[in-house]
file upload_32.txt (compact mmCIF, C-alpha atoms)
# COMPACT_ATOMS: atom_id res chain seq x y z
CA MET A 181 -73.83 64.79 216.04
CA TYR A 182 -74.89 66.21 212.67
CA PRO A 183 -77.67 63.90 211.39
CA GLU A 184 -78.73 66.43 208.76
CA LEU A 185 -77.01 68.92 206.47
CA PHE A 186 -78.79 72.22 205.86
CA GLY A 187 -81.70 70.86 207.87
CA PHE A 188 -82.97 68.39 205.28
CA ILE A 189 -80.13 66.29 203.78
CA ASP A 190 -79.50 62.98 205.57
CA THR A 191 -75.82 62.94 206.56
CA TYR A 192 -75.62 59.15 206.80
CA SER A 193 -76.85 58.76 203.21
CA VAL A 194 -74.32 61.34 202.02
CA MET A 195 -71.45 59.47 203.66
CA ILE A 196 -72.64 56.18 202.20
CA LEU A 197 -72.63 57.76 198.75
CA ILE A 198 -69.12 59.14 199.30
CA GLY A 199 -67.99 55.70 200.45
CA VAL A 200 -69.40 54.07 197.31
CA LEU A 201 -67.62 56.64 195.11
CA PHE A 202 -64.29 55.94 196.85
CA CYS A 203 -64.95 52.21 196.46
CA LEU A 204 -65.42 52.58 192.70
CA TRP A 205 -62.40 54.90 192.47
CA PHE A 206 -60.13 52.34 194.14
CA LEU A 207 -61.45 49.66 191.78
CA ASN A 208 -60.87 51.91 188.78
CA LEU A 209 -57.30 52.71 189.89
CA TYR A 210 -56.44 49.05 190.16
CA LEU A 211 -58.03 47.97 186.87
CA LYS A 212 -56.26 50.76 185.00
CA LYS A 213 -52.97 49.72 186.56
CA LYS A 214 -53.59 46.20 185.26
CA ASN A 215 -54.29 47.74 181.82
CA TYR A 216 -57.82 46.46 181.47
CA PRO A 217 -59.55 47.74 178.29
CA LYS A 218 -62.20 50.43 178.85
CA GLN A 219 -65.03 48.08 177.90
CA ALA A 220 -63.96 45.62 180.58
CA ILE A 221 -63.56 48.36 183.22
CA TYR A 222 -67.07 49.67 182.53
CA ALA A 223 -68.55 46.15 182.72
CA ILE A 224 -66.73 45.32 185.96
CA GLU A 225 -67.71 48.62 187.57
CA LEU A 226 -71.34 48.11 186.53
CA ASN A 227 -71.18 44.68 188.16
CA ALA A 228 -69.85 46.34 191.33
CA ILE A 229 -72.64 48.95 191.34
CA VAL A 230 -75.29 46.23 190.99
CA ALA A 231 -73.62 44.33 193.85
CA ILE A 232 -73.77 47.43 196.06
CA LEU A 233 -77.50 47.81 195.39
CA VAL A 234 -78.08 44.11 196.10
CA GLY A 235 -76.04 44.51 199.29
CA VAL A 236 -78.32 47.30 200.48
CA VAL A 237 -81.35 45.05 199.98
CA THR A 238 -79.80 42.03 201.72
CA GLY A 239 -78.50 44.24 204.53
CA LEU A 240 -82.10 45.30 205.19
CA LEU A 241 -83.42 41.75 204.91
CA PHE A 242 -80.85 40.29 207.31
CA GLN A 243 -81.58 42.93 209.95
CA ASN A 244 -85.30 42.31 209.64
CA LEU A 245 -84.67 38.57 209.92
CA TYR A 246 -82.74 39.10 213.15
CA ASP A 247 -85.55 41.28 214.51
CA PHE A 248 -88.16 38.70 213.53
CA ILE A 249 -86.22 35.91 215.28
CA GLU A 250 -85.96 38.00 218.45
CA LYS A 251 -89.40 39.65 218.54
CA GLY A 252 -91.69 37.11 216.90
CA SER A 253 -95.28 38.37 216.72
CA ALA A 254 -94.15 41.82 217.95
CA TYR A 255 -91.90 42.26 214.90
CA THR A 256 -92.32 45.29 212.66
CA TRP A 257 -90.32 46.21 209.56
CA THR A 258 -87.18 48.31 210.10
CA TRP A 259 -85.08 50.28 207.63
CA ALA A 260 -81.94 49.57 209.65
CA MET A 261 -79.24 47.55 207.89
CA THR A 262 -76.58 45.10 209.00
CA PHE A 263 -73.16 45.20 207.36
CA TYR A 264 -72.64 41.45 207.20
CA GLY A 265 -75.99 40.96 205.48
CA GLY A 266 -74.96 43.51 202.89
CA LEU A 267 -71.52 41.89 202.51
CA ILE A 268 -72.98 38.44 201.89
CA GLY A 269 -75.45 39.74 199.31
CA GLY A 270 -72.88 41.93 197.60
CA VAL A 271 -70.28 39.17 197.29
CA ALA A 272 -72.91 36.74 195.96
CA SER A 273 -74.03 39.33 193.40
CA VAL A 274 -70.48 39.97 192.19
CA LEU A 275 -69.82 36.25 191.74
CA ILE A 276 -73.10 35.70 189.91
CA GLY A 277 -72.37 38.67 187.65
CA TYR A 278 -68.92 37.36 186.91
CA PHE A 279 -69.82 33.76 186.13
CA ALA A 280 -73.03 34.67 184.28
CA ILE A 281 -71.74 37.58 182.19
CA LEU A 282 -68.17 38.79 182.61
CA ARG A 283 -66.47 35.42 182.14
CA ARG A 284 -68.36 34.87 178.88
CA LYS A 285 -66.95 38.17 177.62
CA HIS A 286 -63.43 36.96 178.50
CA PHE A 287 -62.92 39.41 181.35
CA PRO A 288 -60.90 37.23 183.78
CA MET A 289 -61.52 38.98 187.06
CA VAL A 290 -61.45 36.47 189.93
CA ASN A 291 -57.77 36.99 190.74
CA GLU A 292 -58.20 40.77 190.64
CA LEU A 293 -61.21 40.53 192.94
CA LEU A 294 -59.22 38.66 195.56
CA VAL A 295 -56.63 41.45 195.51
CA ILE A 296 -58.60 44.71 195.23
CA ALA A 297 -62.11 43.93 196.55
CA PRO A 298 -61.08 43.98 200.26
CA SER A 299 -59.73 47.52 199.96
CA CYS A 300 -62.89 48.66 198.14
CA ILE A 301 -65.13 47.09 200.79
CA CYS A 302 -63.12 48.64 203.63
CA ILE A 303 -63.12 52.19 202.28
CA ALA A 304 -66.88 52.16 201.62
CA HIS A 305 -67.56 50.63 205.04
CA GLY A 306 -65.17 53.00 206.82
CA ILE A 307 -66.65 56.16 205.34
CA GLY A 308 -70.10 54.75 206.03
CA ARG A 309 -69.10 54.44 209.70
CA ILE A 310 -68.31 58.15 209.70
CA GLY A 311 -71.94 58.53 208.65
CA CYS A 312 -72.93 56.43 211.67
CA PHE A 313 -70.91 58.75 213.91
CA LEU A 314 -72.52 61.86 212.44
CA ALA A 315 -75.99 60.31 212.68
CA GLY A 316 -75.44 59.12 216.26
CA CYS A 317 -76.09 55.43 215.62
CA CYS A 318 -73.96 52.31 216.26
CA TYR A 319 -72.66 53.90 219.47
CA GLY A 320 -70.80 52.31 222.36
CA LYS A 321 -71.27 51.88 226.08
CA GLU A 322 -71.37 54.67 228.63
CA THR A 323 -67.97 56.07 229.61
CA ASP A 324 -66.40 58.97 231.50
CA ALA A 325 -63.15 58.73 229.52
CA TRP A 326 -61.76 61.73 227.64
CA TYR A 327 -62.66 60.17 224.30
CA GLY A 328 -66.32 59.78 225.23
CA VAL A 329 -68.91 61.51 223.06
CA ARG A 330 -72.40 62.70 223.97
CA PHE A 331 -74.75 62.21 221.04
CA PRO A 332 -77.96 64.25 220.74
CA GLY A 333 -80.66 63.03 223.10
CA MET A 334 -78.18 61.39 225.49
CA SER A 335 -77.57 62.44 229.08
CA HIS A 336 -74.17 60.72 229.25
CA LYS A 337 -71.08 60.18 227.15
CA VAL A 338 -70.52 56.92 225.25
CA ILE A 339 -67.60 55.20 223.54
CA PRO A 340 -67.55 56.37 219.89
CA VAL A 341 -67.04 52.86 218.52
CA ASN A 342 -68.46 54.04 215.18
CA LEU A 343 -65.61 56.54 214.81
CA PHE A 344 -63.00 54.04 216.04
CA GLU A 345 -64.21 51.53 213.47
CA ALA A 346 -64.11 54.17 210.74
CA ILE A 347 -60.45 54.87 211.54
CA PHE A 348 -59.62 51.15 211.64
CA LEU A 349 -61.34 50.41 208.33
CA ILE A 350 -59.90 53.38 206.44
CA ALA A 351 -56.38 52.52 207.66
CA LEU A 352 -56.88 48.86 206.68
CA SER A 353 -58.24 49.93 203.29
CA LEU A 354 -55.20 52.08 202.54
CA LEU A 355 -52.84 49.27 203.55
CA LEU A 356 -54.65 46.78 201.30
CA LEU A 357 -54.71 49.27 198.42
CA PHE A 358 -50.96 49.84 198.80
CA LEU A 359 -50.32 46.09 198.69
CA ALA A 360 -52.60 45.69 195.67
CA LEU A 361 -50.96 48.47 193.66
CA LYS A 362 -47.49 47.19 194.58
CA GLU A 363 -48.56 43.73 193.31
CA LYS A 364 -48.10 42.23 196.78
CA GLY A 365 -51.77 41.70 197.47
CA ILE A 366 -52.07 37.97 196.97
CA PHE A 367 -53.07 37.57 200.65
CA ASN A 368 -55.30 40.68 200.78
CA PHE A 369 -58.56 38.76 200.98
CA GLY A 370 -57.29 36.68 203.89
CA ILE A 371 -55.86 39.73 205.66
CA TYR A 372 -59.22 41.48 205.42
CA MET A 373 -61.24 38.50 206.66
CA VAL A 374 -59.00 37.83 209.65
CA ALA A 375 -58.40 41.47 210.59
CA TYR A 376 -62.00 42.61 210.35
CA GLY A 377 -63.35 39.38 211.85
CA VAL A 378 -61.22 39.85 214.97
CA TRP A 379 -61.89 43.59 215.17
CA ARG A 380 -65.65 43.29 214.81
CA PHE A 381 -65.94 40.42 217.29
CA ILE A 382 -64.08 42.45 219.94
CA VAL A 383 -65.72 45.81 219.25
CA GLU A 384 -69.17 44.26 219.67
CA PHE A 385 -68.45 44.02 223.40
CA TRP A 386 -68.15 47.82 223.46
CA ARG A 387 -71.37 48.44 221.53
CA ASP A 388 -74.48 49.50 223.40
CA ASP A 389 -77.07 50.07 220.67
CA HIS A 390 -79.60 47.29 220.21
CA ARG A 391 -78.50 44.84 217.50
CA GLY A 392 -80.78 41.88 218.19
CA LYS A 393 -80.03 38.41 219.53
CA PHE A 394 -79.03 35.47 217.37
CA ILE A 395 -77.34 32.46 218.95
CA GLY A 396 -76.84 32.26 222.70
CA ASN A 397 -75.10 35.32 224.09
CA ILE A 398 -73.35 36.34 220.90
CA SER A 399 -74.71 39.02 218.61
CA PRO A 400 -75.43 38.36 214.91
CA SER A 401 -72.31 40.33 213.98
CA GLN A 402 -70.13 38.24 216.30
CA PHE A 403 -71.45 35.07 214.71
CA TRP A 404 -70.54 36.29 211.22
CA SER A 405 -67.20 37.58 212.54
CA ILE A 406 -66.33 34.03 213.58
CA VAL A 407 -67.33 32.78 210.12
CA LEU A 408 -65.23 35.51 208.49
CA PHE A 409 -62.20 34.72 210.67
CA VAL A 410 -62.39 30.98 209.95
CA GLY A 411 -62.75 31.73 206.25
CA GLY A 412 -59.69 33.99 206.40
CA VAL A 413 -57.57 31.35 208.09
CA ALA A 414 -58.71 28.80 205.50
CA TYR A 415 -57.80 31.25 202.75
CA PHE A 416 -54.26 31.64 204.13
CA VAL A 417 -53.84 27.87 204.34
CA ILE A 418 -55.12 27.26 200.81
CA MET A 419 -53.03 30.06 199.31
CA GLY A 420 -49.97 28.84 201.22
CA ILE A 421 -50.39 25.35 199.78
CA LEU A 422 -50.87 26.72 196.26
CA LEU A 423 -47.81 28.95 196.61
CA SER A 424 -45.67 26.04 197.77
CA LYS A 425 -46.72 24.15 194.64
CA GLY A 426 -46.29 27.16 192.36
CA LYS A 427 -50.00 27.15 191.51
CA ALA A 428 -51.16 30.29 193.29
CA PRO A 429 -53.38 32.51 191.08
CA LYS A 430 -51.68 35.73 190.02
CA PRO A 431 -53.35 38.82 188.56
CA LYS A 432 -51.95 39.55 185.13
CA ASP A 433 -51.34 42.62 183.01
CA HIS A 434 -53.96 42.97 180.30
CA THR A 435 -52.00 45.19 177.91
CA ALA A 436 -52.10 42.59 175.19
CA SER A 437 -55.70 41.47 175.85

call {"tool": "encode", "arguments": {"input": "upload_32.txt", "output": "structure tokens"}}
result
Amino acid sequence: MYPELFGFIDTYSVMILIGVLFCLWFLNLYLKKKNYPKQAIYAIELNAIVAILVGVVTGLLFQNLYDFIEKGSAYTWTWAMTFYGGLIGGVASVLIGYFAILRRKHFPMVNELLVIAPSCICIAHGIGRIGCFLAGCCYGKETDAWYGVRFPGMSHKVIPVNLFEAIFLIALSLLLLFLALKEKGIFNFGIYMVAYGVWRFIVEFWRDDHRGKFIGNISPSQFWSIVLFVGGVAYFVIMGILLSKGKAPKPKDHTAS
């Protein structure tokens, strides 16, 4: 649609940057509500920024791995990224940063992560999908429906699954942020994993851009969607058991910290 601004600025990159800024803003809102000291907020946000950068790298590596598995000797490097690869790398980076550095500085953050991280991930991902729509990538199958969109270089209209996913993710992000700020977000992580796992598995059937093959007839994203869904169900079960025993982790106010 509009892959470039002013003829030289990459629209997708701009939307990714905006998504990252919203992600950090949501995190900042939550940490301030929990009265974290400034030093802790800066350290946690720095950890998040490092995780985002790591996620970009692992997103690239996962996509290239998928391409290598499919193409073999015909494989060539691509700068395309896969969301799940970025998610895995980003989450791993956050956990390493926490256990290696933040915990030693007495910044107890795990409970807060379970509550606010899903909203931060969703808003960054959702705005990034707007970038996909503007760039004309991650499009859907051909359609004659009223909602079909004809991207540059196409002779037919396609389902704008990138835009649909952006709307879904932004709406989910706002819901999760509302629950977090109202201190009702104990199940946020599970809600995100189940909701996005189901959504992404289904929406992959509407996609028509090449995403590589992984296992059988399912795409790489559908495989990770199943993993995410199972993890979400497990999270609900574990948290339910802990709640019934009065042992569920609860984010605390850090006014007196």

call {"tool": "residues_around", "arguments": {"input": "upload_32.txt", "residues": "Glu384 of chain A", "least_positions_apart": "5", "cutoff": "8 Å", "atoms": "only C-alpha atoms", "output": "NGL selection string"}}
result
:A and (399 or 401-402)

call {"tool": "residues_around", "arguments": {"input": "upload_32.txt", "residues": "segment 319-334 of chain A", "least_positions_apart": "4", "cutoff": "10 Å", "atoms": "only C-alpha atoms", "output": "ChimeraX atom specification"}}
result
/A:181-183,312-315,338-343,383-390

call {"tool": "residues_around", "arguments": {"input": "upload_32.txt", "residues": "Val237 of chain A", "least_positions_apart": "4", "cutoff": "9 Å", "atoms": "all atoms listed in the file", "output": "ChimeraX atom specification"}}
result
/A:232-233,241-242,261,265-266,269

call {"tool": "closest_residue", "arguments": {"input": "upload_32.txt", "among": "A:Lys214, A:Arg380, A:His336, A:Lys427", "to": "Val295 of chain A", "atoms": "all atoms listed in the file"}}
result
A:Lys214

call {"tool": "residues_near_point", "arguments": {"input": "upload_32.txt", "point": "(-58.3, 40.0, 200.8)", "cutoff": "6 Å", "atoms": "only C-alpha atoms", "output": "JSON, numbers by chain"}}
result
{"A": [294, 295, 298, 367, 368, 369, 370, 371, 372]}

call {"tool": "closest_residue", "arguments": {"input": "upload_32.txt", "among": "A:Leu275, A:Leu349, A:Ile296, A:Leu245", "to": "Leu361 of chain A", "atoms": "all atoms listed in the file"}}
result
A:Ile296

call {"tool": "axis_aligned_box", "arguments": {"input": "upload_32.txt", "around": "segment 403-415 of chain A", "padding_each_side": "5 Å", "output": "AutoDock Vina command-line options"}}
result
--center_x -64.5 --center_y 33.2 --center_z 208.7 --size_x 23.9 --size_y 18.8 --size_z 22.0

call {"tool": "residues_around", "arguments": {"input": "upload_32.txt", "residues": "segment 199-207 of chain A", "least_positions_apart": "6", "cutoff": "6 Å", "atoms": "only C-alpha atoms", "output": "PyMOL selection string"}}
result
chain A and resi 300+304+307

call {"tool": "residues_around", "arguments": {"input": "upload_32.txt", "residues": "Gly311 of chain A", "least_positions_apart": "3", "cutoff": "8 Å", "atoms": "only C-alpha atoms", "output": "CSV table (one decimal) with C-alpha atoms, in the coordinates of the input"}}
result
chain,number,residue,atom,x,y,z
A,191,THR,CA,-75.8,62.9,206.6
A,192,TYR,CA,-75.6,59.2,206.8
A,193,SER,CA,-76.8,58.8,203.2
A,194,VAL,CA,-74.3,61.3,202.0
A,195,MET,CA,-71.4,59.5,203.7
A,196,ILE,CA,-72.6,56.2,202.2
A,307,ILE,CA,-66.6,56.2,205.3
A,308,GLY,CA,-70.1,54.8,206.0
A,314,LEU,CA,-72.5,61.9,212.4
A,315,ALA,CA,-76.0,60.3,212.7

call {"tool": "atom_distance", "arguments": {"input": "upload_32.txt", "atom1": "atom CA of Glu345 of chain A", "atom2": "atom CA of Asp190 of chain A"}}
result
20.7 Å

call {"tool": "atom_distance", "arguments": {"input": "upload_32.txt", "atom1": "atom CA of Ile406 of chain A", "atom2": "atom CA of Cys302 of chain A"}}
result
18.0 Å

call {"tool": "atom_distance", "arguments": {"input": "upload_32.txt", "atom1": "atom CA of Phe279 of chain A", "atom2": "atom CA of Ser353 of chain A"}}
result
26.3 Å

call {"tool": "closest_residue", "arguments": {"input": "upload_32.txt", "among": "A:Ala220, A:Cys318, A:Ile418, A:Val234", "to": "Ala272 of chain A", "atoms": "all atoms listed in the file"}}
result
A:Val234

call {"tool": "closest_residue", "arguments": {"input": "upload_32.txt", "among": "A:Thr238, A:Val271, A:Trp259, A:Ser335", "to": "Ala297 of chain A", "atoms": "all atoms listed in the file"}}
result
A:Val271

call {"tool": "decode", "arguments": {"input": "upload_32.txt", "residues": "segment 342-360 of chain A", "atoms": "N, CA, C and O atoms", "output": "CSV table (one decimal), in the first residue's frame"}}
result
chain,number,residue,atom,x,y,z
A,342,ASN,N,-3.2,-9.3,7.4
A,342,ASN,CA,-2.3,-8.5,8.2
A,342,ASN,C,-3.0,-7.4,9.0
A,342,ASN,O,-2.7,-7.2,10.2
A,343,LEU,N,-4.0,-6.8,8.3
A,343,LEU,CA,-4.8,-5.8,9.0
A,343,LEU,C,-5.7,-6.4,10.0
A,343,LEU,O,-5.9,-5.8,11.1
A,344,PHE,N,-6.3,-7.5,9.7
A,344,PHE,CA,-7.2,-8.2,10.6
A,344,PHE,C,-6.4,-8.6,11.9
A,344,PHE,O,-6.9,-8.5,13.0
A,345,GLU,N,-5.2,-9.1,11.7
A,345,GLU,CA,-4.4,-9.5,12.9
A,345,GLU,C,-4.0,-8.3,13.7
A,345,GLU,O,-3.9,-8.3,14.9
A,346,ALA,N,-3.7,-7.2,13.0
A,346,ALA,CA,-3.4,-5.9,13.7
A,346,ALA,C,-4.5,-5.5,14.7
A,346,ALA,O,-4.3,-5.2,15.8
A,347,ILE,N,-5.8,-5.6,14.1
A,347,ILE,CA,-6.9,-5.2,14.9
A,347,ILE,C,-7.1,-6.1,16.1
A,347,ILE,O,-7.4,-5.7,17.2
A,348,PHE,N,-7.0,-7.4,15.8
A,348,PHE,CA,-7.1,-8.4,16.9
A,348,PHE,C,-6.1,-8.2,18.0
A,348,PHE,O,-6.4,-8.2,19.2
A,349,LEU,N,-4.8,-8.0,17.6
A,349,LEU,CA,-3.7,-7.9,18.6
A,349,LEU,C,-3.9,-6.6,19.4
A,349,LEU,O,-3.6,-6.6,20.6
A,350,ILE,N,-4.2,-5.5,18.8
A,350,ILE,CA,-4.3,-4.2,19.5
A,350,ILE,C,-5.5,-4.3,20.5
A,350,ILE,O,-5.4,-3.9,21.6
A,351,ALA,N,-6.6,-4.9,20.1
A,351,ALA,CA,-7.8,-5.1,21.0
A,351,ALA,C,-7.4,-6.0,22.1
A,351,ALA,O,-7.7,-5.7,23.3
A,352,LEU,N,-6.7,-7.1,21.9
A,352,LEU,CA,-6.3,-8.0,22.9
A,352,LEU,C,-5.3,-7.3,23.9
A,352,LEU,O,-5.4,-7.4,25.1
A,353,SER,N,-4.4,-6.5,23.3
A,353,SER,CA,-3.4,-5.7,24.1
A,353,SER,C,-4.1,-4.8,25.1
A,353,SER,O,-3.8,-4.7,26.3
A,354,LEU,N,-5.1,-4.1,24.6
A,354,LEU,CA,-5.8,-3.1,25.4
A,354,LEU,C,-6.6,-3.8,26.5
A,354,LEU,O,-6.7,-3.3,27.7
A,355,LEU,N,-7.2,-5.0,26.2
A,355,LEU,CA,-7.9,-5.7,27.2
A,355,LEU,C,-6.9,-6.2,28.3
A,355,LEU,O,-7.2,-6.1,29.5
A,356,LEU,N,-5.8,-6.7,27.9
A,356,LEU,CA,-4.8,-7.2,28.9
A,356,LEU,C,-4.2,-6.1,29.7
A,356,LEU,O,-3.9,-6.2,30.9
A,357,LEU,N,-4.0,-4.9,29.1
A,357,LEU,CA,-3.5,-3.8,29.8
A,357,LEU,C,-4.5,-3.3,30.9
A,357,LEU,O,-4.2,-3.0,32.0
A,358,PHE,N,-5.8,-3.3,30.5
A,358,PHE,CA,-6.9,-2.9,31.4
A,358,PHE,C,-6.9,-3.9,32.6
A,358,PHE,O,-7.0,-3.4,33.8
A,359,LEU,N,-6.8,-5.2,32.4
A,359,LEU,CA,-6.8,-6.1,33.5
A,359,LEU,C,-5.5,-6.0,34.3
A,359,LEU,O,-5.6,-6.1,35.6
A,360,ALA,N,-4.4,-5.7,33.7
A,360,ALA,CA,-3.2,-5.5,34.5
A,360,ALA,C,-3.3,-4.3,35.4
A,360,ALA,O,-2.9,-4.3,36.6
